[in-house]
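Chemist: What follows is work.cif; its format and atoms are mmCIF, C-alpha atoms.
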```
data_query
#
loop_
_atom_site.group_PDB
_atom_site.id
_atom_site.type_symbol
_atom_site.label_atom_id
_atom_site.label_comp_id
_atom_site.auth_asym_id
_atom_site.auth_seq_id
_atom_site.Cartn_x
_atom_site.Cartn_y
_atom_site.Cartn_z
ATOM 1 C CA TYR A 1 1.308 57.285 -15.041
ATOM 2 C CA GLY A 2 2.458 56.936 -18.643
ATOM 3 C CA ASP A 3 -0.662 55.104 -19.792
ATOM 4 C CA ILE A 4 -2.897 57.654 -18.058
ATOM 5 C CA ILE A 5 -1.191 60.513 -19.882
ATOM 6 C CA LYS A 6 -1.581 58.702 -23.206
ATOM 7 C CA LEU A 7 -5.283 58.129 -22.539
ATOM 8 C CA ASP A 8 -5.696 61.796 -21.707
ATOM 9 C CA ILE A 9 -4.092 62.828 -25.004
ATOM 10 C CA VAL A 10 -6.340 60.436 -26.946
ATOM 11 C CA GLU A 11 -9.409 61.715 -25.102
ATOM 12 C CA GLN A 12 -8.570 65.340 -25.761
ATOM 13 C CA PHE A 13 -7.919 64.680 -29.458
ATOM 14 C CA LEU A 14 -10.890 62.432 -30.264
ATOM 15 C CA LEU A 15 -13.564 63.465 -27.800
ATOM 16 C CA GLY A 16 -12.777 67.031 -26.817
ATOM 17 C CA THR A 17 -12.482 68.451 -23.340
ATOM 18 C CA ALA A 18 -14.907 68.407 -20.452
ATOM 19 C CA PRO A 19 -17.664 71.054 -20.549
ATOM 20 C CA ILE A 20 -16.186 72.996 -17.640
ATOM 21 C CA MET A 21 -12.478 73.333 -16.856
ATOM 22 C CA ILE A 22 -11.923 75.532 -13.807
ATOM 23 C CA GLU A 23 -8.971 76.364 -11.578
ATOM 24 C CA SER A 24 -9.372 74.302 -8.449
ATOM 25 C CA LYS A 25 -8.163 73.635 -4.947
ATOM 26 C CA SER A 26 -7.891 70.495 -2.881
ATOM 27 C CA THR A 27 -10.527 69.413 -0.405
ATOM 28 C CA PRO A 28 -11.039 66.270 1.694
ATOM 29 C CA ILE A 29 -13.462 63.605 0.540
ATOM 30 C CA PRO A 30 -16.956 64.206 1.981
ATOM 31 C CA PHE A 31 -18.020 60.948 3.619
ATOM 32 C CA LEU A 32 -21.603 61.250 4.770
ATOM 33 C CA GLU A 33 -23.117 59.228 7.539
ATOM 34 C CA GLY A 34 -24.936 56.276 6.025
ATOM 35 C CA MET A 35 -23.540 56.932 2.520
ATOM 36 C CA PRO A 36 -22.892 53.574 0.799
ATOM 37 C CA MET A 37 -19.381 52.939 -0.511
ATOM 38 C CA PRO A 38 -19.472 51.096 -3.871
ATOM 39 C CA SER A 39 -17.389 47.922 -3.694
ATOM 40 C CA SER A 40 -15.650 48.784 -6.972
ATOM 41 C CA ILE A 41 -14.033 51.932 -5.576
ATOM 42 C CA ASN A 42 -10.246 51.910 -5.449
ATOM 43 C CA ASN A 43 -9.377 53.334 -2.050
ATOM 44 C CA ARG A 44 -5.974 54.462 -3.233
ATOM 45 C CA ALA A 45 -7.550 56.564 -5.971
ATOM 46 C CA TYR A 46 -9.921 58.119 -3.485
ATOM 47 C CA GLY A 47 -7.069 58.805 -1.118
ATOM 48 C CA LEU A 48 -6.079 61.608 -3.481
ATOM 49 C CA ALA A 49 -7.500 65.052 -2.882
ATOM 50 C CA LEU A 50 -10.576 65.900 -4.924
ATOM 51 C CA THR A 51 -10.914 69.218 -6.685
ATOM 52 C CA VAL A 52 -13.577 71.783 -5.952
ATOM 53 C CA ALA A 53 -14.118 74.714 -8.297
ATOM 54 C CA THR A 54 -13.326 77.994 -6.648
ATOM 55 C CA SER A 55 -15.663 79.930 -8.966
ATOM 56 C CA LEU A 56 -18.780 77.770 -8.498
ATOM 57 C CA GLY A 57 -21.036 77.992 -5.488
ATOM 58 C CA PRO A 58 -21.726 75.149 -3.055
ATOM 59 C CA PHE A 59 -25.204 74.504 -4.474
ATOM 60 C CA THR A 60 -23.835 73.894 -7.971
ATOM 61 C CA MET A 61 -20.967 71.784 -6.683
ATOM 62 C CA ASP A 62 -23.404 69.432 -4.945
ATOM 63 C CA PHE A 63 -25.104 68.604 -8.263
ATOM 64 C CA VAL A 64 -22.360 68.849 -10.902
ATOM 65 C CA ASN A 65 -20.741 65.696 -12.326
ATOM 66 C CA GLN A 66 -17.148 65.128 -11.274
ATOM 67 C CA ARG A 67 -15.936 61.614 -11.839
ATOM 68 C CA LEU A 68 -14.539 60.949 -8.378
ATOM 69 C CA LEU A 69 -17.442 62.466 -6.466
ATOM 70 C CA THR A 70 -20.045 60.928 -8.767
ATOM 71 C CA ARG A 71 -18.808 57.425 -8.005
ATOM 72 C CA LEU A 72 -19.749 58.103 -4.399
ATOM 73 C CA GLN A 73 -22.856 60.170 -5.139
ATOM 74 C CA PRO A 74 -24.517 58.834 -8.322
ATOM 75 C CA HIS A 75 -27.296 61.449 -8.258
ATOM 76 C CA ARG A 76 -24.809 63.727 -10.050
ATOM 77 C CA TYR A 77 -25.178 61.692 -13.249
ATOM 78 C CA LEU A 78 -28.703 63.089 -13.550
ATOM 79 C CA THR A 79 -28.685 66.410 -11.712
ATOM 80 C CA SER A 80 -25.724 67.778 -13.703
ATOM 81 C CA GLY A 81 -28.012 67.807 -16.735
ATOM 82 C CA PHE A 82 -30.086 70.577 -15.135
ATOM 83 C CA LEU A 83 -27.087 72.869 -14.601
ATOM 84 C CA HIS A 84 -25.452 75.124 -17.188
ATOM 85 C CA GLY A 85 -22.215 77.030 -17.237
ATOM 86 C CA SER A 86 -23.693 80.294 -18.486
ATOM 87 C CA LEU A 87 -26.875 81.901 -19.778
ATOM 88 C CA VAL A 88 -25.631 81.403 -23.353
ATOM 89 C CA HIS A 89 -25.086 77.701 -22.645
ATOM 90 C CA LEU A 90 -28.632 77.391 -21.294
ATOM 91 C CA LEU A 91 -30.226 79.342 -24.172
ATOM 92 C CA PHE A 92 -28.310 77.350 -26.772
ATOM 93 C CA ASN A 93 -29.545 74.031 -25.363
ATOM 94 C CA MET A 94 -33.107 75.257 -24.885
ATOM 95 C CA ARG A 95 -33.202 76.571 -28.456
ATOM 96 C CA TYR A 96 -32.051 73.174 -29.717
ATOM 97 C CA LEU A 97 -34.667 71.425 -27.590
ATOM 98 C CA TRP A 98 -37.394 73.792 -28.801
ATOM 99 C CA LYS A 99 -36.555 73.046 -32.436
ATOM 100 C CA MET A 100 -37.104 69.310 -31.989
ATOM 101 C CA PRO A 101 -40.086 68.209 -34.134
ATOM 102 C CA ARG A 102 -43.354 67.999 -32.243
ATOM 103 C CA TRP A 103 -44.070 64.506 -33.525
ATOM 104 C CA LEU A 104 -41.068 63.204 -31.599
ATOM 105 C CA GLU A 105 -43.027 63.852 -28.408
ATOM 106 C CA ASP A 106 -46.515 63.077 -29.773
ATOM 107 C CA ASN A 107 -45.514 59.804 -31.404
ATOM 108 C CA GLY A 108 -47.968 57.394 -29.810
ATOM 109 C CA GLY A 109 -45.401 55.853 -27.488
ATOM 110 C CA SER A 110 -44.463 52.192 -27.537
ATOM 111 C CA GLY A 111 -47.569 50.427 -26.397
ATOM 112 C CA ASN A 112 -47.074 51.536 -22.783
ATOM 113 C CA GLY A 113 -50.423 53.272 -22.484
ATOM 114 C CA LEU A 114 -48.897 56.604 -21.461
ATOM 115 C CA GLY A 115 -48.373 58.181 -24.872
ATOM 116 C CA GLY A 116 -45.325 59.470 -26.660
ATOM 117 C CA TRP A 117 -44.340 61.962 -23.967
ATOM 118 C CA PHE A 118 -43.370 59.074 -21.664
ATOM 119 C CA LEU A 119 -40.942 57.665 -24.225
ATOM 120 C CA TYR A 120 -39.660 61.189 -24.891
ATOM 121 C CA LEU A 121 -39.075 61.940 -21.202
ATOM 122 C CA THR A 122 -37.525 58.531 -20.513
ATOM 123 C CA THR A 123 -35.100 58.974 -23.397
ATOM 124 C CA TYR A 124 -34.159 62.492 -22.348
ATOM 125 C CA LEU A 125 -33.466 61.703 -18.696
ATOM 126 C CA SER A 126 -31.678 58.403 -19.288
ATOM 127 C CA SER A 127 -29.541 59.943 -22.043
ATOM 128 C CA ILE A 128 -28.333 62.632 -19.631
ATOM 129 C CA VAL A 129 -27.181 59.823 -17.338
ATOM 130 C CA MET A 130 -25.585 57.734 -20.091
ATOM 131 C CA GLY A 131 -23.902 60.767 -21.617
ATOM 132 C CA ASN A 132 -22.234 61.420 -18.275
ATOM 133 C CA VAL A 133 -21.341 57.743 -17.902
ATOM 134 C CA MET A 134 -19.705 57.785 -21.332
ATOM 135 C CA ARG A 135 -17.780 60.937 -20.505
ATOM 136 C CA ASP A 136 -16.519 59.458 -17.237
ATOM 137 C CA TYR A 137 -15.606 56.176 -18.935
ATOM 138 C CA VAL A 138 -13.291 57.836 -21.436
ATOM 139 C CA SER A 139 -11.883 60.273 -18.867
ATOM 140 C CA ALA A 140 -9.347 57.862 -17.458
ATOM 141 C CA SER A 141 -6.700 60.477 -16.734
ATOM 142 C CA ALA A 142 -6.270 62.528 -13.593
ATOM 143 C CA MET A 143 -7.275 65.649 -15.536
ATOM 144 C CA GLY A 144 -10.475 64.040 -16.806
ATOM 145 C CA ALA A 145 -11.321 62.642 -13.366
ATOM 146 C CA SER A 146 -11.120 66.025 -11.680
ATOM 147 C CA ALA A 147 -12.863 68.083 -14.402
ATOM 148 C CA LEU A 148 -16.470 69.156 -13.982
ATOM 149 C CA CYS A 149 -19.252 68.258 -16.399
ATOM 150 C CA LEU A 150 -22.674 69.885 -16.652
ATOM 151 C CA GLY A 151 -25.332 70.638 -19.244
ATOM 152 C CA ALA A 152 -28.316 69.022 -20.962
ATOM 153 C CA SER A 153 -26.607 68.220 -24.264
ATOM 154 C CA GLY A 154 -26.412 64.493 -23.480
ATOM 155 C CA GLY A 155 -30.204 64.356 -23.160
ATOM 156 C CA ILE A 156 -30.708 66.454 -26.290
ATOM 157 C CA CYS A 157 -28.392 64.187 -28.288
ATOM 158 C CA GLY A 158 -30.355 61.246 -26.879
ATOM 159 C CA LEU A 159 -33.502 62.702 -28.424
ATOM 160 C CA ASN A 160 -31.592 62.917 -31.697
ATOM 161 C CA GLY A 161 -30.818 59.228 -31.316
ATOM 162 C CA LEU A 162 -34.475 58.453 -30.623
ATOM 163 C CA MET A 163 -35.485 60.403 -33.732
ATOM 164 C CA PHE A 164 -32.865 58.585 -35.812
ATOM 165 C CA SER A 165 -34.167 55.143 -34.772
ATOM 166 C CA MET A 166 -37.772 56.088 -35.426
ATOM 167 C CA LEU A 167 -36.956 57.495 -38.857
ATOM 168 C CA ARG A 168 -35.017 54.350 -39.760
ATOM 169 C CA LYS A 169 -37.967 52.214 -38.694
ATOM 170 C CA MET A 170 -40.243 54.345 -40.880
ATOM 171 C CA GLY A 171 -37.910 53.873 -43.822
ATOM 172 C CA ASN A 172 -37.317 57.616 -44.068
ATOM 173 C CA GLY A 173 -33.684 57.464 -45.134
ATOM 174 C CA ARG A 174 -33.374 61.111 -46.122
ATOM 175 C CA GLU A 175 -34.409 62.527 -42.756
ATOM 176 C CA SER A 176 -32.396 59.954 -40.794
ATOM 177 C CA THR A 177 -29.322 60.964 -42.802
ATOM 178 C CA ASN A 178 -29.990 64.586 -41.870
ATOM 179 C CA VAL A 179 -29.926 63.590 -38.195
ATOM 180 C CA ILE A 180 -26.496 61.996 -38.675
ATOM 181 C CA LYS A 181 -25.257 65.124 -40.464
ATOM 182 C CA ASN A 182 -26.534 67.240 -37.606
ATOM 183 C CA MET A 183 -24.680 65.089 -35.068
ATOM 184 C CA ALA A 184 -21.509 65.219 -37.176
ATOM 185 C CA PHE A 185 -21.686 69.013 -37.173
ATOM 186 C CA LEU A 186 -22.212 69.021 -33.402
ATOM 187 C CA ILE A 187 -19.168 66.800 -32.858
ATOM 188 C CA LEU A 188 -17.072 68.961 -35.161
ATOM 189 C CA PHE A 189 -18.243 72.007 -33.209
ATOM 190 C CA GLY A 190 -17.132 70.259 -30.031
ATOM 191 C CA GLN A 191 -13.683 69.724 -31.486
ATOM 192 C CA LEU A 192 -13.266 73.344 -32.463
ATOM 193 C CA ILE A 193 -14.695 74.956 -29.318
ATOM 194 C CA ASP A 194 -12.926 74.460 -26.023
ATOM 195 C CA GLY A 195 -14.972 73.194 -23.102
ATOM 196 C CA VAL A 196 -17.368 70.861 -24.975
ATOM 197 C CA SER A 197 -17.674 67.164 -24.110
ATOM 198 C CA ASN A 198 -18.139 65.155 -27.288
ATOM 199 C CA ALA A 199 -18.121 62.000 -25.185
ATOM 200 C CA SER A 200 -21.411 63.097 -23.607
ATOM 201 C CA HIS A 201 -22.850 63.881 -27.043
ATOM 202 C CA ILE A 202 -21.865 60.522 -28.506
ATOM 203 C CA GLY A 203 -22.939 58.556 -25.441
ATOM 204 C CA GLY A 204 -26.299 60.309 -25.277
ATOM 205 C CA PHE A 205 -26.957 59.785 -28.982
ATOM 206 C CA LEU A 206 -26.085 56.069 -28.938
ATOM 207 C CA TRP A 207 -28.228 55.480 -25.865
ATOM 208 C CA GLY A 208 -31.186 57.377 -27.342
ATOM 209 C CA ALA A 209 -30.904 55.363 -30.550
ATOM 210 C CA LEU A 210 -30.923 52.126 -28.527
ATOM 211 C CA VAL A 211 -33.982 53.209 -26.532
ATOM 212 C CA GLY A 212 -35.769 54.152 -29.742
ATOM 213 C CA TRP A 213 -34.947 50.854 -31.407
ATOM 214 C CA LEU A 214 -35.999 48.697 -28.458
ATOM 215 C CA PHE A 215 -38.904 50.662 -26.980
ATOM 216 C CA GLY A 216 -39.936 53.097 -29.698
ATOM 217 C CA PRO A 217 -42.932 52.497 -31.973
ATOM 218 C CA ASN A 218 -42.715 50.173 -34.948
ATOM 219 C CA TYR A 219 -44.338 51.010 -38.279
ATOM 220 C CA ARG A 220 -46.481 49.043 -40.702
ATOM 221 C CA SER A 221 -48.114 49.530 -44.049
ATOM 222 C CA GLY A 222 -51.560 51.101 -43.845
ATOM 223 C CA TYR A 223 -53.749 53.963 -44.985
ATOM 224 C CA SER A 224 -55.073 55.279 -41.690
ATOM 225 C CA GLN A 225 -52.466 58.038 -41.546
ATOM 226 C CA TRP A 226 -54.155 59.731 -44.517
ATOM 227 C CA ARG A 227 -57.527 59.963 -42.800
ATOM 228 C CA LEU A 228 -58.646 63.236 -41.331
ATOM 229 C CA SER A 229 -57.764 63.218 -37.623
ATOM 230 C CA ARG A 230 -60.922 62.594 -35.648
ATOM 231 C CA ASP A 231 -59.482 62.572 -32.128
ATOM 232 C CA GLU A 232 -56.363 63.555 -30.251
ATOM 233 C CA ASN A 233 -54.937 60.028 -30.444
ATOM 234 C CA ASP A 234 -54.642 60.119 -34.240
ATOM 235 C CA PRO A 235 -51.180 60.943 -35.657
ATOM 236 C CA SER A 236 -50.667 64.629 -36.330
ATOM 237 C CA LEU A 237 -50.322 65.918 -39.879
ATOM 238 C CA GLU A 238 -46.587 66.524 -39.337
ATOM 239 C CA TYR A 239 -46.145 62.958 -38.072
ATOM 240 C CA ARG A 240 -48.080 61.497 -41.015
ATOM 241 C CA MET A 241 -46.016 63.483 -43.495
ATOM 242 C CA THR A 242 -42.799 62.299 -41.837
ATOM 243 C CA MET A 243 -43.889 58.650 -41.969
ATOM 244 C CA GLY A 244 -44.845 58.946 -45.630
ATOM 245 C CA LYS A 245 -47.599 57.417 -47.687
ATOM 246 C CA GLY A 246 -48.621 53.911 -46.727
ATOM 247 C CA ILE A 247 -46.955 53.918 -43.291
ATOM 248 C CA SER A 248 -48.657 54.043 -39.897
ATOM 249 C CA PRO A 249 -47.356 53.630 -36.312
ATOM 250 C CA ASP A 250 -47.670 50.449 -34.292
ATOM 251 C CA SER A 251 -46.703 49.330 -30.804
ATOM 252 C CA GLY A 252 -43.028 48.981 -29.942
ATOM 253 C CA SER A 253 -41.161 45.703 -29.655
ATOM 254 C CA ILE A 254 -40.814 46.002 -25.861
ATOM 255 C CA PRO A 255 -43.276 47.941 -23.671
ATOM 256 C CA LEU A 256 -41.502 50.759 -21.896
ATOM 257 C CA ARG A 257 -43.024 49.793 -18.570
ATOM 258 C CA TYR A 258 -40.717 46.750 -18.515
ATOM 259 C CA ALA A 259 -37.676 49.025 -18.526
ATOM 260 C CA TRP A 260 -39.089 51.100 -15.680
ATOM 261 C CA SER A 261 -39.926 47.932 -13.740
ATOM 262 C CA ALA A 262 -36.310 46.786 -14.108
ATOM 263 C CA PHE A 263 -35.106 50.182 -12.913
ATOM 264 C CA GLY A 264 -37.442 50.022 -9.914
ATOM 265 C CA LEU A 265 -36.053 46.605 -9.000
ATOM 266 C CA ALA A 266 -32.467 47.859 -9.290
ATOM 267 C CA PHE A 267 -33.408 50.868 -7.161
ATOM 268 C CA LEU A 268 -34.627 48.584 -4.396
ATOM 269 C CA LEU A 269 -31.621 46.251 -4.526
ATOM 270 C CA LYS A 270 -28.724 48.717 -4.898
ATOM 271 C CA PRO A 271 -27.966 50.937 -1.870
ATOM 272 C CA GLU A 272 -26.163 53.552 -3.994
ATOM 273 C CA LEU A 273 -29.330 54.079 -6.036
ATOM 274 C CA ARG A 274 -31.497 54.264 -2.924
ATOM 275 C CA SER A 275 -29.236 57.045 -1.669
ATOM 276 C CA VAL A 276 -30.078 59.313 -4.642
ATOM 277 C CA PRO A 277 -33.256 60.968 -3.254
ATOM 278 C CA GLY A 278 -31.559 61.560 0.093
ATOM 279 C CA CYS A 279 -28.511 63.138 -1.531
ATOM 280 C CA ILE A 280 -30.648 65.495 -3.591
ATOM 281 C CA LEU A 281 -32.631 66.500 -0.519
ATOM 282 C CA LYS A 282 -29.406 66.995 1.450
ATOM 283 C CA ALA A 283 -28.013 69.250 -1.292
ATOM 284 C CA PHE A 284 -31.086 71.492 -1.108
ATOM 285 C CA GLN A 285 -31.129 71.577 2.676
ATOM 286 C CA SER A 286 -27.381 72.058 3.250
ATOM 287 C CA PRO A 287 -25.641 73.261 0.060
ATOM 288 C CA GLY A 288 -21.942 72.450 -0.042
ATOM 289 C CA VAL A 289 -21.918 69.500 2.360
ATOM 290 C CA LEU A 290 -21.959 66.790 -0.327
ATOM 291 C CA SER A 291 -19.049 68.364 -2.206
ATOM 292 C CA GLY A 292 -17.030 69.101 0.912
ATOM 293 C CA MET A 293 -17.139 72.856 0.427
ATOM 294 C CA VAL A 294 -19.060 73.257 3.694
ATOM 295 C CA ALA A 295 -18.381 71.145 6.761
ATOM 296 C CA ALA A 296 -21.313 69.104 8.031
ATOM 297 C CA VAL A 297 -22.494 70.300 11.417
#
```
Please go through the file and, once you have read it, give me the structure as structure tokens.

Modeler:
Amino acid sequence: YGDIIKLDIVEQFLLGTAPIMIESKSTPIPFLEGMPMPSSINNRAYGLALTVATSLGPFTMDFVNQRLLTRLQPHRYLTSGFLHGSLVHLLFNMRYLWKMPRWLEDNGGSGNGLGGWFLYLTTYLSSIVMGNVMRDYVSASAMGASALCLGASGGICGLNGLMFSMLRKMGNGRESTNVIKNMAFLILFGQLIDGVSNASHIGGFLWGALVGWLFGPNYRSGYSQWRLSRDENDPSLEYRMTMGKGISPDSGSIPLRYAWSAFGLAFLLKPELRSVPGCILKAFQSPGVLSGMVAAV
């Protein structure tokens, strides 16, 4: 276990701790009838007892991200982003989300015909998932595998990444630098405050930046942004001022519908993805069964 301990020390030093660290107890693995077992799972690793937080209720434990359970129940990658450890945690994230510029949502999209909100929502949800994936990837130790992770910060950092890519495409170097400074402050905050997952922040930001670069709108020289807005599809004044003189939005390099089509295909082909809606429904109907806190009857 020497290498595992070294990885844990590196993770704690560079990427901070998991968002929630709670005293725990052992519980058997909850194998559900019909639940697919990913072929990549190491049975010896899953022969170890999982940890269940004694201070969290069964409903929360069915949705929170814990590396071992999430490999069996991938819905946790997404649902953990809608849970928070405290009212302060929730208010802090919602305040950050509220302060996002309006143009980031009303940006015209990427030629997908659904408007900017679709790109915004896609980035937010997928960044929650990728933030959790990043956190689990770097949590190679036994401590990291058993820790619990929840919160929307991965999705919020993904929106920062989306904004960074769009600003770079506009050529707005000053504002894109401010986004990087903001992320640097957030990572520093995560190093100083116990219980913050910088891995989720970094993973969410990088994924959001990639989504913005591939699917976000491009920009071209033009004068239309200085016209008075005549309909709701015209760029807002805030958006036009952010783009700057002589710049106007254009369709993205790749229509976003292609990404959703690829996801739909993966959903149909991969049994573990098809199990996600059923797991979520099961968690609402019988809280605690998925996490093993309540025995299935």

Chemist: Given the file shown, determine the residues that the PyMOL selection byres ((chain A and resi 78-81) around 6) selects; report them as a ChimeraX atom specification.

Modeler: /A:63-65,75-77,82-83,128-129,150-152

Chemist: How far is it from CA of Asn198 in chain A to CA of Tyr120 in chain A, in Å with one decimal?

Modeler: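 Straight-line distance from CA of Asn198 in chain A to CA of Tyr120 in chain A works out to 22.0 Å.
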
Chemist: Under the rule that all atoms listed in the file are counted, which of A:Ser248, A:Asn178, A:Asn218, A:Asn132 is the nearest residue to Ser153 in chain A?

Modeler: A:Asn132

Chemist: Quick check on the file I pasted: which residues fall under the PyMOL selection byres ((chain A and resi 220) around 9)? Write them as a VMD selection string.

Modeler: chain A and resid 170 218 to 219 221 to 222 246 to 250

Chemist: Quick one: residues within 6 Å of Leu162 in chain A, only C-alpha atoms, excluding same-chain residues fewer than 6 positions away - as number ranges by chain?

Modeler: A: 208-209, 212

Chemist: Point out the residue among A:Leu206, A:Leu104, A:Cys157, A:Ala262 with the least atom-to-atom distance to Met183 in chain A, counting all atoms listed in the file.

Modeler: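 Ranked by minimum distance to Met183 in chain A, first place goes to A:Cys157.
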